[in-house]
file query.cif (mmCIF, C-alpha atoms)
data_coords
#
loop_
_atom_site.label_atom_id
_atom_site.label_comp_id
_atom_site.auth_asym_id
_atom_site.auth_seq_id
_atom_site.Cartn_x
_atom_site.Cartn_y
_atom_site.Cartn_z
CA MET A 1 177.05 39.05 195.18
CA THR A 2 174.15 37.21 196.69
CA TYR A 3 173.10 34.09 194.88
CA ALA A 4 169.79 34.71 193.14
CA PRO A 5 168.42 31.62 191.46
CA ALA A 6 166.12 31.90 188.52
CA ASN A 7 162.46 31.67 189.28
CA GLN A 8 161.13 28.20 188.84
CA GLY A 9 157.52 27.50 188.22
CA ILE A 10 155.76 24.43 189.45
CA ARG A 11 155.43 22.08 186.54
CA THR A 12 152.77 19.41 186.33
CA GLY A 13 154.30 16.07 187.17
CA LEU A 14 154.34 13.05 184.89
CA TRP A 15 151.93 11.41 187.29
CA VAL A 16 149.02 13.30 188.80
CA SER A 17 147.14 11.54 191.56
CA THR A 18 144.81 12.04 194.47
CA LEU A 19 147.73 11.62 196.86
CA GLY A 20 150.26 13.54 194.79
CA LYS A 21 151.44 17.10 194.99
CA GLU A 22 148.72 18.32 192.65
CA SER A 23 146.10 17.28 195.20
CA GLN A 24 145.07 19.28 198.21
CA THR A 25 145.15 16.08 200.21
CA ALA A 26 148.93 15.89 199.98
CA GLY A 27 150.47 15.76 203.42
CA GLN A 28 147.53 14.31 205.27
CA ALA A 29 149.80 11.41 206.21
CA SER A 30 147.03 8.87 206.23
CA VAL A 31 148.71 5.94 204.54
CA PRO A 32 146.41 4.02 202.18
CA VAL A 33 145.58 0.40 202.78
CA SER A 34 143.40 -2.04 200.88
CA GLY A 35 139.70 -1.48 201.36
CA THR A 36 136.29 -1.57 199.73
CA MET A 37 134.39 1.30 198.19
CA THR A 38 130.66 1.96 198.28
CA THR A 39 128.89 0.57 195.22
CA ASP A 40 128.08 3.12 192.52
CA GLN A 41 129.32 5.97 194.67
CA ALA A 42 131.77 8.36 193.05
CA TYR A 43 134.72 9.58 195.09
CA ILE A 44 135.66 13.05 193.97
CA VAL A 45 138.94 14.85 194.65
CA ARG A 46 139.99 18.39 193.82
CA ILE A 47 143.32 18.80 192.00
CA VAL A 48 145.25 21.62 190.38
CA VAL A 49 147.15 21.16 187.13
CA PRO A 50 149.93 23.79 187.28
CA THR A 51 150.97 23.68 183.63
CA PRO A 52 149.45 22.17 180.49
CA THR A 53 150.11 18.50 179.89
CA ILE A 54 148.75 15.49 177.99
CA VAL A 55 146.51 12.89 179.58
CA LYS A 56 147.53 9.54 178.14
CA ARG A 57 146.38 7.04 180.73
CA LEU A 58 144.06 7.05 183.69
CA TYR A 59 145.08 4.76 186.53
CA TRP A 60 144.20 3.48 189.96
CA ALA A 61 145.85 1.37 192.65
CA ASN A 62 144.12 -1.93 193.25
CA GLY A 63 143.87 -3.33 196.72
CA ALA A 64 144.38 -6.92 197.84
CA THR A 65 141.34 -8.16 195.91
CA ALA A 66 141.01 -7.53 192.19
CA SER A 67 138.48 -8.81 189.61
CA THR A 68 134.67 -9.02 189.38
CA ASN A 69 133.90 -5.33 189.73
CA THR A 70 134.51 -2.57 187.25
CA VAL A 71 136.41 0.63 187.91
CA GLN A 72 135.88 3.89 186.04
CA VAL A 73 137.97 7.05 186.40
CA GLY A 74 137.12 10.48 185.07
CA ILE A 75 138.45 14.02 185.00
CA TYR A 76 136.07 16.92 185.46
CA ASN A 77 136.42 20.63 184.82
CA ASP A 78 136.32 23.11 187.65
CA ASP A 79 132.66 23.73 186.85
CA LEU A 80 131.96 20.01 187.47
CA SER A 81 131.28 19.21 183.81
CA SER A 82 133.06 16.16 182.46
CA PHE A 83 136.43 16.72 180.78
CA LEU A 84 137.51 13.15 180.08
CA LEU A 85 135.75 9.96 181.12
CA GLY A 86 137.54 6.64 181.08
CA THR A 87 136.09 3.25 180.27
CA ALA A 88 134.64 1.08 183.03
CA THR A 89 137.22 -1.69 183.29
CA THR A 90 137.18 -4.93 185.25
CA SER A 91 139.56 -4.76 188.16
CA SER A 92 142.68 -6.83 187.51
CA GLY A 93 146.00 -7.18 189.33
CA ALA A 94 145.94 -7.28 193.09
CA SER A 95 147.99 -4.64 194.90
CA ALA A 96 149.15 -3.18 191.62
CA LEU A 97 148.46 -0.18 189.45
CA GLN A 98 145.92 -0.67 186.68
CA PHE A 99 145.66 1.56 183.64
CA ASP A 100 142.96 2.74 181.27
CA ASN A 101 144.53 3.93 178.04
CA VAL A 102 142.63 6.91 176.71
CA THR A 103 142.94 9.00 173.60
CA ASP A 104 145.74 11.47 174.21
CA THR A 105 144.03 14.58 175.49
CA ALA A 106 145.61 17.96 176.11
CA ILE A 107 144.69 19.48 179.44
CA ARG A 108 145.21 23.14 180.29
CA ALA A 109 146.49 24.52 183.54
CA GLY A 110 143.73 25.01 186.05
CA ARG A 111 141.50 23.44 188.64
CA TYR A 112 140.00 20.05 187.97
CA TRP A 113 138.34 17.18 189.78
CA LEU A 114 139.25 13.51 189.68
CA ALA A 115 136.47 10.98 190.15
CA ILE A 116 136.33 7.21 190.50
CA VAL A 117 133.45 4.76 190.81
CA LEU A 118 133.16 0.99 191.29
CA ASN A 119 130.09 -1.16 190.67
CA GLY A 120 130.49 -3.41 193.70
CA THR A 121 132.35 -4.16 196.89
CA THR A 122 134.29 -7.26 195.92
CA ALA A 123 137.19 -5.45 194.37
CA THR A 124 139.25 -3.26 196.67
CA LEU A 125 141.37 -0.21 196.16
CA GLN A 126 144.27 1.27 198.03
CA ARG A 127 142.62 4.04 199.97
CA ALA A 128 143.29 6.29 202.90
CA ASN A 129 140.66 6.63 205.57
CA ASN A 130 140.76 9.84 207.51
CA THR A 131 137.83 12.13 208.12
CA THR A 132 140.03 15.20 207.97
CA LEU A 133 140.72 14.38 204.34
CA ARG A 134 137.31 15.51 203.32
CA ILE A 135 137.66 19.14 204.31
CA GLY A 136 137.62 21.05 201.07
CA SER A 137 139.15 18.37 198.98
CA LEU A 138 137.20 15.12 199.06
CA TYR A 139 133.56 14.63 198.14
CA ILE A 140 131.20 11.86 197.11
CA MET A 141 128.24 11.44 194.80
CA ALA A 142 125.78 8.56 195.14
CA ALA A 143 124.30 6.73 192.14
CA ALA A 144 127.13 7.99 189.96
CA ARG A 145 127.80 4.98 187.73
CA PRO A 146 128.64 5.40 184.99
CA LEU A 147 130.34 8.63 185.85
CA PRO A 148 127.86 11.36 184.91
CA ALA A 149 128.21 14.31 182.57
CA THR A 150 128.01 16.61 185.57
CA LEU A 151 129.10 15.96 189.11
CA VAL A 152 127.04 16.94 192.11
CA PRO A 153 129.48 16.62 195.01
CA ALA A 154 128.33 16.00 198.55
CA THR A 155 130.29 15.65 201.74
CA GLY A 156 130.88 12.13 202.92
CA ALA A 157 133.21 9.80 204.76
CA GLY A 158 136.89 10.55 204.47
CA ILE A 159 137.82 7.68 202.21
CA LEU A 160 140.38 8.64 199.61
CA PRO A 161 141.40 6.11 196.95
CA LEU A 162 144.72 6.40 195.13
CA PHE A 163 144.07 7.15 191.45
CA GLY A 164 144.86 9.71 188.80
CA PHE A 165 146.34 10.17 185.34
CA THR A 166 149.73 10.07 183.70
CA SER A 167 151.25 11.73 180.67
CA ILE A 168 153.39 8.65 180.04
CA ALA A 169 152.05 6.24 177.43
CA MET B 1 135.67 30.40 180.85
CA SER B 2 137.88 27.96 182.65
CA TYR B 3 140.00 29.22 185.49
CA SER B 4 143.65 29.25 184.45
CA PRO B 5 145.99 30.33 187.23
CA ALA B 6 149.38 31.87 186.61
CA PRO B 7 152.27 29.53 187.43
CA ILE B 8 153.54 29.81 190.97
CA LEU B 9 157.13 30.95 190.89
CA ARG B 10 159.71 29.87 193.37
CA PRO B 11 163.44 29.22 193.21
CA ASP B 12 164.81 25.71 193.31
CA PHE B 13 166.79 24.58 196.32
CA GLY B 14 170.01 23.90 194.45
CA GLN B 15 169.33 20.20 194.54
CA ILE B 16 166.57 17.85 193.57
CA ASN B 17 165.91 14.74 195.61
CA VAL B 18 163.07 12.30 196.12
CA LEU B 19 161.24 14.63 198.50
CA SER B 20 161.75 17.85 196.51
CA PRO B 21 158.77 19.74 195.12
CA GLU B 22 160.09 18.94 191.66
CA ALA B 23 159.86 15.21 192.47
CA LEU B 24 157.40 13.48 194.80
CA ASP B 25 157.09 16.49 197.12
CA ILE B 26 157.46 15.90 200.81
CA ARG B 27 153.75 16.51 201.43
CA ALA B 28 152.73 13.82 198.98
CA ALA B 29 155.49 11.54 200.21
CA ARG B 30 153.95 11.59 203.65
CA ASN B 31 150.82 10.16 202.11
CA VAL B 32 152.68 7.00 201.19
CA SER B 33 154.47 6.63 204.50
CA LEU B 34 157.78 8.23 203.59
CA GLY B 35 158.79 9.41 207.04
CA THR B 36 162.31 9.44 208.38
CA PRO B 37 164.54 7.41 206.05
CA ALA B 38 166.47 4.47 207.43
CA ALA B 39 168.75 1.68 206.32
CA ILE B 40 167.06 -0.73 203.90
CA THR B 41 168.19 -3.90 202.17
CA TRP B 42 168.37 -3.56 198.43
CA VAL B 43 167.63 -6.15 195.77
CA ALA B 44 170.83 -6.73 193.81
CA ASN B 45 170.89 -5.00 190.42
CA LEU B 46 167.47 -3.42 190.90
CA ALA B 47 167.09 0.12 189.58
CA VAL B 48 164.45 2.45 190.97
CA PHE B 49 163.21 5.50 189.06
CA VAL B 50 161.67 8.62 190.61
CA PRO B 51 159.89 11.15 188.37
CA PHE B 52 160.69 14.84 188.54
CA SER B 53 159.78 17.88 186.47
CA ILE B 54 161.56 21.20 186.11
CA SER B 55 160.33 24.47 184.66
CA SER B 56 163.71 26.10 184.21
CA PRO B 57 167.15 24.71 183.32
CA PHE B 58 168.90 22.82 186.09
CA THR B 59 172.61 22.13 185.97
CA VAL B 60 173.58 18.86 187.60
CA LEU B 61 177.04 19.36 189.08
CA GLU B 62 177.16 16.08 190.98
CA VAL B 63 174.84 13.39 192.23
CA TRP B 64 174.48 12.13 195.78
CA TRP B 65 173.12 9.19 197.68
CA TYR B 66 173.12 7.93 201.23
CA ASN B 67 174.95 4.77 202.17
CA GLY B 68 173.19 2.29 204.40
CA SER B 69 174.77 0.64 207.39
CA GLY B 70 175.72 -2.49 205.46
CA ALA B 71 179.07 -2.23 203.71
CA GLY B 72 180.16 -3.26 200.25
CA GLY B 73 179.03 -3.10 196.68
CA ASN B 74 178.70 -0.43 194.04
CA ILE B 75 176.06 2.10 193.15
CA ASP B 76 175.01 3.99 190.05
CA VAL B 77 172.90 7.12 189.75
CA GLY B 78 171.55 8.77 186.62
CA VAL B 79 168.80 10.65 184.84
CA TYR B 80 166.46 9.38 182.12
CA ASP B 81 163.85 10.94 179.92
CA PRO B 82 160.22 9.77 180.19
CA THR B 83 160.74 7.17 177.46
CA GLY B 84 163.56 5.52 179.39
CA ALA B 85 166.42 6.93 177.32
CA LYS B 86 169.51 7.75 179.32
CA ILE B 87 170.46 11.41 179.71
CA PHE B 88 173.51 10.61 181.84
CA THR B 89 174.68 8.15 184.44
CA LEU B 90 177.48 8.32 186.95
CA GLY B 91 178.70 4.81 186.22
CA THR B 92 179.57 2.13 188.71
CA THR B 93 181.00 3.67 191.85
CA ALA B 94 182.22 1.84 194.91
CA LYS B 95 180.37 2.63 198.08
CA SER B 96 182.57 4.07 200.74
CA THR B 97 181.89 4.81 204.38
CA VAL B 98 178.69 3.36 205.75
CA SER B 99 175.79 5.43 207.10
CA VAL B 100 176.80 8.72 205.52
CA PRO B 101 175.64 10.82 202.57
CA VAL B 102 178.03 10.60 199.64
CA THR B 103 178.46 13.10 196.83
CA SER B 104 180.12 12.11 193.59
CA SER B 105 183.17 14.04 192.45
CA GLY B 106 184.47 15.06 189.08
CA MET B 107 181.24 14.51 187.21
CA THR B 108 180.88 16.45 183.97
CA ASP B 109 178.20 19.10 184.42
CA VAL B 110 174.91 18.25 182.74
CA VAL B 111 172.33 20.90 181.92
CA LEU B 112 168.79 19.58 182.06
CA ALA B 113 166.35 21.59 179.98
CA PRO B 114 162.88 22.31 181.36
CA GLY B 115 160.88 19.12 181.11
CA ASP B 116 160.06 15.80 182.69
CA TYR B 117 162.60 13.21 183.78
CA TYR B 118 163.29 10.22 185.99
CA MET B 119 166.24 10.06 188.34
CA ALA B 120 167.53 6.55 188.79
CA PHE B 121 169.40 4.67 191.50
CA ALA B 122 170.78 1.13 191.40
CA THR B 123 173.17 -0.95 193.42
CA ASP B 124 174.68 -4.31 192.59
CA ASN B 125 174.37 -6.24 195.81
CA ASN B 126 171.94 -7.21 198.52
CA THR B 127 174.06 -7.00 201.61
CA ALA B 128 171.77 -6.45 204.57
CA THR B 129 170.91 -2.77 205.15
CA ASN B 130 173.21 -1.73 202.33
CA ALA B 131 171.03 1.14 201.17
CA PHE B 132 169.20 4.01 202.79
CA GLY B 133 165.68 5.24 202.18
CA TRP B 134 162.14 4.03 202.68
CA ALA B 135 160.04 0.89 202.27
CA PRO B 136 156.62 2.01 201.02
CA ALA B 137 154.20 -0.85 200.47
CA ALA B 138 153.38 -1.63 196.85
CA PRO B 139 151.77 0.00 194.95
CA LEU B 140 151.75 3.25 196.91
CA ALA B 141 154.97 4.82 195.62
CA ALA B 142 154.07 3.53 192.17
CA GLY B 143 150.90 5.56 192.46
CA LEU B 144 153.07 8.65 192.69
CA GLY B 145 154.93 7.58 189.57
CA CYS B 146 157.92 5.67 190.93
CA GLY B 147 159.18 2.88 188.69
CA GLN B 148 161.71 0.10 188.62
CA MET B 149 163.74 -2.15 186.35
CA SER B 150 165.29 -5.48 187.31
CA THR B 151 168.80 -6.50 186.22
CA ALA B 152 169.73 -2.90 185.63
CA PHE B 153 173.22 -2.52 187.01
CA VAL B 154 175.04 -0.61 185.69
CA LEU B 155 172.18 1.67 184.71
CA PRO B 156 171.42 0.87 181.07
CA THR B 157 171.33 3.07 177.98
CA ASN B 158 167.65 2.37 177.55
CA ALA B 159 165.54 1.55 180.56
CA THR B 160 162.22 -0.27 180.59
CA ILE B 161 160.48 1.42 183.47
CA VAL B 162 157.52 -0.36 185.05
CA PRO B 163 155.55 0.63 188.15
CA LEU B 164 157.47 0.05 191.37
CA THR B 165 156.52 -3.21 193.05
CA ASN B 166 159.46 -3.65 195.41
CA ALA B 167 159.03 -1.86 198.71
CA LEU B 168 162.24 0.08 198.18
CA LEU B 169 162.79 3.76 197.59
CA PRO B 170 166.30 5.21 197.99
CA HIS B 171 167.25 8.59 199.43
CA PHE B 172 169.28 10.22 196.66
CA GLY B 173 169.33 13.20 194.38
CA LEU B 174 170.97 15.65 192.01
CA ASN B 175 173.17 18.46 193.27
CA GLY B 176 173.06 21.77 191.43
CA SER B 177 174.94 23.69 194.08
CA SER B 178 178.59 23.96 194.99
CA VAL B 179 177.57 23.02 198.52
CA ALA B 180 177.24 19.27 198.94
CA PRO B 181 174.08 18.05 200.62
#
call {"tool": "encode", "arguments": {"input": "query.cif", "output": "structure tokens"}}
result
Amino acid sequence: MTYAPANQGIRTGLWVSTLGKESQTAGQASVPVSGTMTTDQAYIVRIVVPTPTIVKRLYWANGATASTNTVQVGIYNDDLSSFLLGTATTSSGASALQFDNVTDTAIRAGRYWLAIVLNGTTATLQRANNTTLRIGSLYIMAAARPLPATLVPATGAGILPLFGFTSIA
Amino acid sequence: MSYSPAPILRPDFGQINVLSPEALDIRAARNVSLGTPAAITWVANLAVFVPFSISSPFTVLEVWWYNGSGAGGNIDVGVYDPTGAKIFTLGTTAKSTVSVPVTSSGMTDVVLAPGDYYMAFATDNNTATNAFGWAPAAPLAAGLGCGQMSTAFVLPTNATIVPLTNALLPHFGLNGSSVAP
């Protein structure tokens, strides 16, 4: 008899990020390096959450220079309304992940957007830089600090920072 | 009303490894420079943890890893829950032939229920090129959820998993098929 494995759905990972499998940018093979971000400009990335999970922490990957500037991460619904906004937090810990503990928040399966904004160009993030990244998956919004109640995405340079959320406390 | 897609169904491949869709996913792995794996030099007693998630039960028949070109030492492979509690570990196992994939033998089958886990790899020595995998710069693999624990050989009962800072990621996995990788 032919082997017929059980169907297996795609389950949301413990870590959901702009470079992870839940992002449309996965596979672009543009390896992130440390770099600056444009002040007060939100970087917006489309993701899909395959199954319900719990958002416990937002996180980002700092570049070679931390401190001075604040970083804020948010999750938006498919309709661009805010779902969960993190706290603007001073960058700390060069070349390391940094976390923003949030109230545990259940998130349903569906389409969402991740957004991040910094208030200056001293702090750096780990970010890919590839113009092809922006096609259908990466957008920007100027004057978006603090992260707004509603996003208005625009096309922009293909700079993609590494950030996301985790269901691990 | 929010869009809520039906889950995408697909069979597993009979094994779960670092690049599997249940783990980092090869597409995402490319984003953090995980290309063709090669021999790497491990940090003695360092354990590395790779997250994976399954939507249906997966029976682990054996575990596998890939020996580097440097000889000597022992390895351990296991699975943990998201809190760092051990589900199972192989136990210390002497490395054998260099530069080949190795599958354990005689392991008691372990059924993993649908859920989230970490698979763990550790080795107890730092002989040059003694392991096989990738060297993603910190904190890129950490950004995909990979973790580590120092002084963790043999793999402990309770692991304290912190974001991966060593540029080391082994090529290893769990075999749920009678055909070895």
call {"tool": "atom_distance", "arguments": {"input": "query.cif", "atom1": "atom CA of B:Ala71", "atom2": "atom CA of B:Ile161"}}
result
27.7 Å
call {"tool": "atom_distance", "arguments": {"input": "query.cif", "atom1": "atom CA of A:Gly120", "atom2": "atom CA of A:Ser82"}}
result
22.7 Å
call {"tool": "closest_residue", "arguments": {"input": "query.cif", "among": "B:Asn67, B:Thr59, B:Ser178, B:Thr165", "to": "chain A", "atoms": "all atoms listed in the file"}}
result
B:Thr165
call {"tool": "resolve_selection", "arguments": {"input": "query.cif", "expression": "the PyMOL selection byres ((chain B) within 10 of (chain A))", "output": "mmCIF file with C-alpha atoms, keeping the file's coordinate frame"}}
result
data_model
loop_
_atom_site.group_PDB
_atom_site.id
_atom_site.type_symbol
_atom_site.label_atom_id
_atom_site.label_comp_id
_atom_site.auth_asym_id
_atom_site.auth_seq_id
_atom_site.Cartn_x
_atom_site.Cartn_y
_atom_site.Cartn_z
ATOM 1 C CA MET B 1 135.670 30.400 180.850
ATOM 2 C CA SER B 2 137.880 27.960 182.650
ATOM 3 C CA TYR B 3 140.000 29.220 185.490
ATOM 4 C CA SER B 4 143.650 29.250 184.450
ATOM 5 C CA PRO B 5 145.990 30.330 187.230
ATOM 6 C CA ALA B 6 149.380 31.870 186.610
ATOM 7 C CA PRO B 7 152.270 29.530 187.430
ATOM 8 C CA ILE B 8 153.540 29.810 190.970
ATOM 9 C CA LEU B 9 157.130 30.950 190.890
ATOM 10 C CA ARG B 10 159.710 29.870 193.370
ATOM 11 C CA PRO B 11 163.440 29.220 193.210
ATOM 12 C CA ASP B 12 164.810 25.710 193.310
ATOM 13 C CA PHE B 13 166.790 24.580 196.320
ATOM 14 C CA GLY B 14 170.010 23.900 194.450
ATOM 15 C CA PRO B 21 158.770 19.740 195.120
ATOM 16 C CA GLU B 22 160.090 18.940 191.660
ATOM 17 C CA ALA B 23 159.860 15.210 192.470
ATOM 18 C CA LEU B 24 157.400 13.480 194.800
ATOM 19 C CA ASP B 25 157.090 16.490 197.120
ATOM 20 C CA ILE B 26 157.460 15.900 200.810
ATOM 21 C CA ARG B 27 153.750 16.510 201.430
ATOM 22 C CA ALA B 28 152.730 13.820 198.980
ATOM 23 C CA ALA B 29 155.490 11.540 200.210
ATOM 24 C CA ARG B 30 153.950 11.590 203.650
ATOM 25 C CA ASN B 31 150.820 10.160 202.110
ATOM 26 C CA VAL B 32 152.680 7.000 201.190
ATOM 27 C CA SER B 33 154.470 6.630 204.500
ATOM 28 C CA LEU B 34 157.780 8.230 203.590
ATOM 29 C CA GLY B 35 158.790 9.410 207.040
ATOM 30 C CA PRO B 51 159.890 11.150 188.370
ATOM 31 C CA PHE B 52 160.690 14.840 188.540
ATOM 32 C CA SER B 53 159.780 17.880 186.470
ATOM 33 C CA ILE B 54 161.560 21.200 186.110
ATOM 34 C CA SER B 55 160.330 24.470 184.660
ATOM 35 C CA SER B 56 163.710 26.100 184.210
ATOM 36 C CA PRO B 57 167.150 24.710 183.320
ATOM 37 C CA PHE B 58 168.900 22.820 186.090
ATOM 38 C CA PRO B 82 160.220 9.770 180.190
ATOM 39 C CA THR B 83 160.740 7.170 177.460
ATOM 40 C CA PRO B 114 162.880 22.310 181.360
ATOM 41 C CA GLY B 115 160.880 19.120 181.110
ATOM 42 C CA ASP B 116 160.060 15.800 182.690
ATOM 43 C CA TYR B 117 162.600 13.210 183.780
ATOM 44 C CA TYR B 118 163.290 10.220 185.990
ATOM 45 C CA PRO B 136 156.620 2.010 201.020
ATOM 46 C CA ALA B 137 154.200 -0.850 200.470
ATOM 47 C CA ALA B 138 153.380 -1.630 196.850
ATOM 48 C CA PRO B 139 151.770 0.000 194.950
ATOM 49 C CA LEU B 140 151.750 3.250 196.910
ATOM 50 C CA ALA B 141 154.970 4.820 195.620
ATOM 51 C CA ALA B 142 154.070 3.530 192.170
ATOM 52 C CA GLY B 143 150.900 5.560 192.460
ATOM 53 C CA LEU B 144 153.070 8.650 192.690
ATOM 54 C CA GLY B 145 154.930 7.580 189.570
ATOM 55 C CA CYS B 146 157.920 5.670 190.930
ATOM 56 C CA PRO B 163 155.550 0.630 188.150
ATOM 57 C CA LEU B 164 157.470 0.050 191.370
ATOM 58 C CA THR B 165 156.520 -3.210 193.050
#
call {"tool": "residues_near_point", "arguments": {"input": "query.cif", "point": "(174.9, -8.3, 199.8)", "cutoff": "8 Å", "atoms": "all atoms listed in the file", "output": "ChimeraX atom specification"}}
result
/B:44,72-73,125-128,130
call {"tool": "resolve_selection", "arguments": {"input": "query.cif", "expression": "the PyMOL selection byres ((chain B and resi 134) around 9)", "output": "list in words"}}
result
Ser33, Leu34, Gly35, Thr36, Pro37, Ala38, Ala39, Ile40, Phe132, Gly133, Ala135, Pro136, Ala167, Leu168, Leu169, Pro170 and His171 of chain B
call {"tool": "atom_distance", "arguments": {"input": "query.cif", "atom1": "atom CA of B:Leu61", "atom2": "atom CA of B:Ala152"}}
result
23.7 Å
call {"tool": "closest_residue", "arguments": {"input": "query.cif", "among": "B:Gly78, B:Gly147, B:Pro101, B:Pro156", "to": "B:Ala180", "atoms": "all atoms listed in the file"}}
result
B:Pro101
call {"tool": "residues_near_point", "arguments": {"input": "query.cif", "point": "(174.0, 11.9, 177.6)", "cutoff": "12 Å", "atoms": "only C-alpha atoms", "output": "number ranges by chain"}}
result
B: 78-81, 85-90, 108-112, 156-158
call {"tool": "closest_residue", "arguments": {"input": "query.cif", "among": "A:Ala88, A:Ile44, A:Leu160, A:Ala64", "to": "A:Thr122", "atoms": "all atoms listed in the file"}}
result
A:Ala64
call {"tool": "resolve_selection", "arguments": {"input": "query.cif", "expression": "the PyMOL selection byres ((chain A and resi 123) around 7)", "output": "PyMOL selection string"}}
result
chain A and resi 36+65-69+91+121-122+124-125
call {"tool": "closest_residue", "arguments": {"input": "query.cif", "among": "B:Ala94, B:Met119, B:Leu19, B:Ala131", "to": "B:Gly70", "atoms": "all atoms listed in the file"}}
result
B:Ala131
call {"tool": "axis_aligned_box", "arguments": {"input": "query.cif", "around": "stretch 88-91 of chain A", "padding_each_side": "5 Å", "output": "lines of an AutoDock Vina configuration file"}}
result
center_x = 137.1
center_y = -1.9
center_z = 185.6
size_x = 14.9
size_y = 16.0
size_z = 15.1
call {"tool": "closest_residue", "arguments": {"input": "query.cif", "among": "A:Ile107, A:Ala42, A:Ile75, A:Leu85", "to": "A:Tyr139", "atoms": "all atoms listed in the file"}}
result
A:Ala42
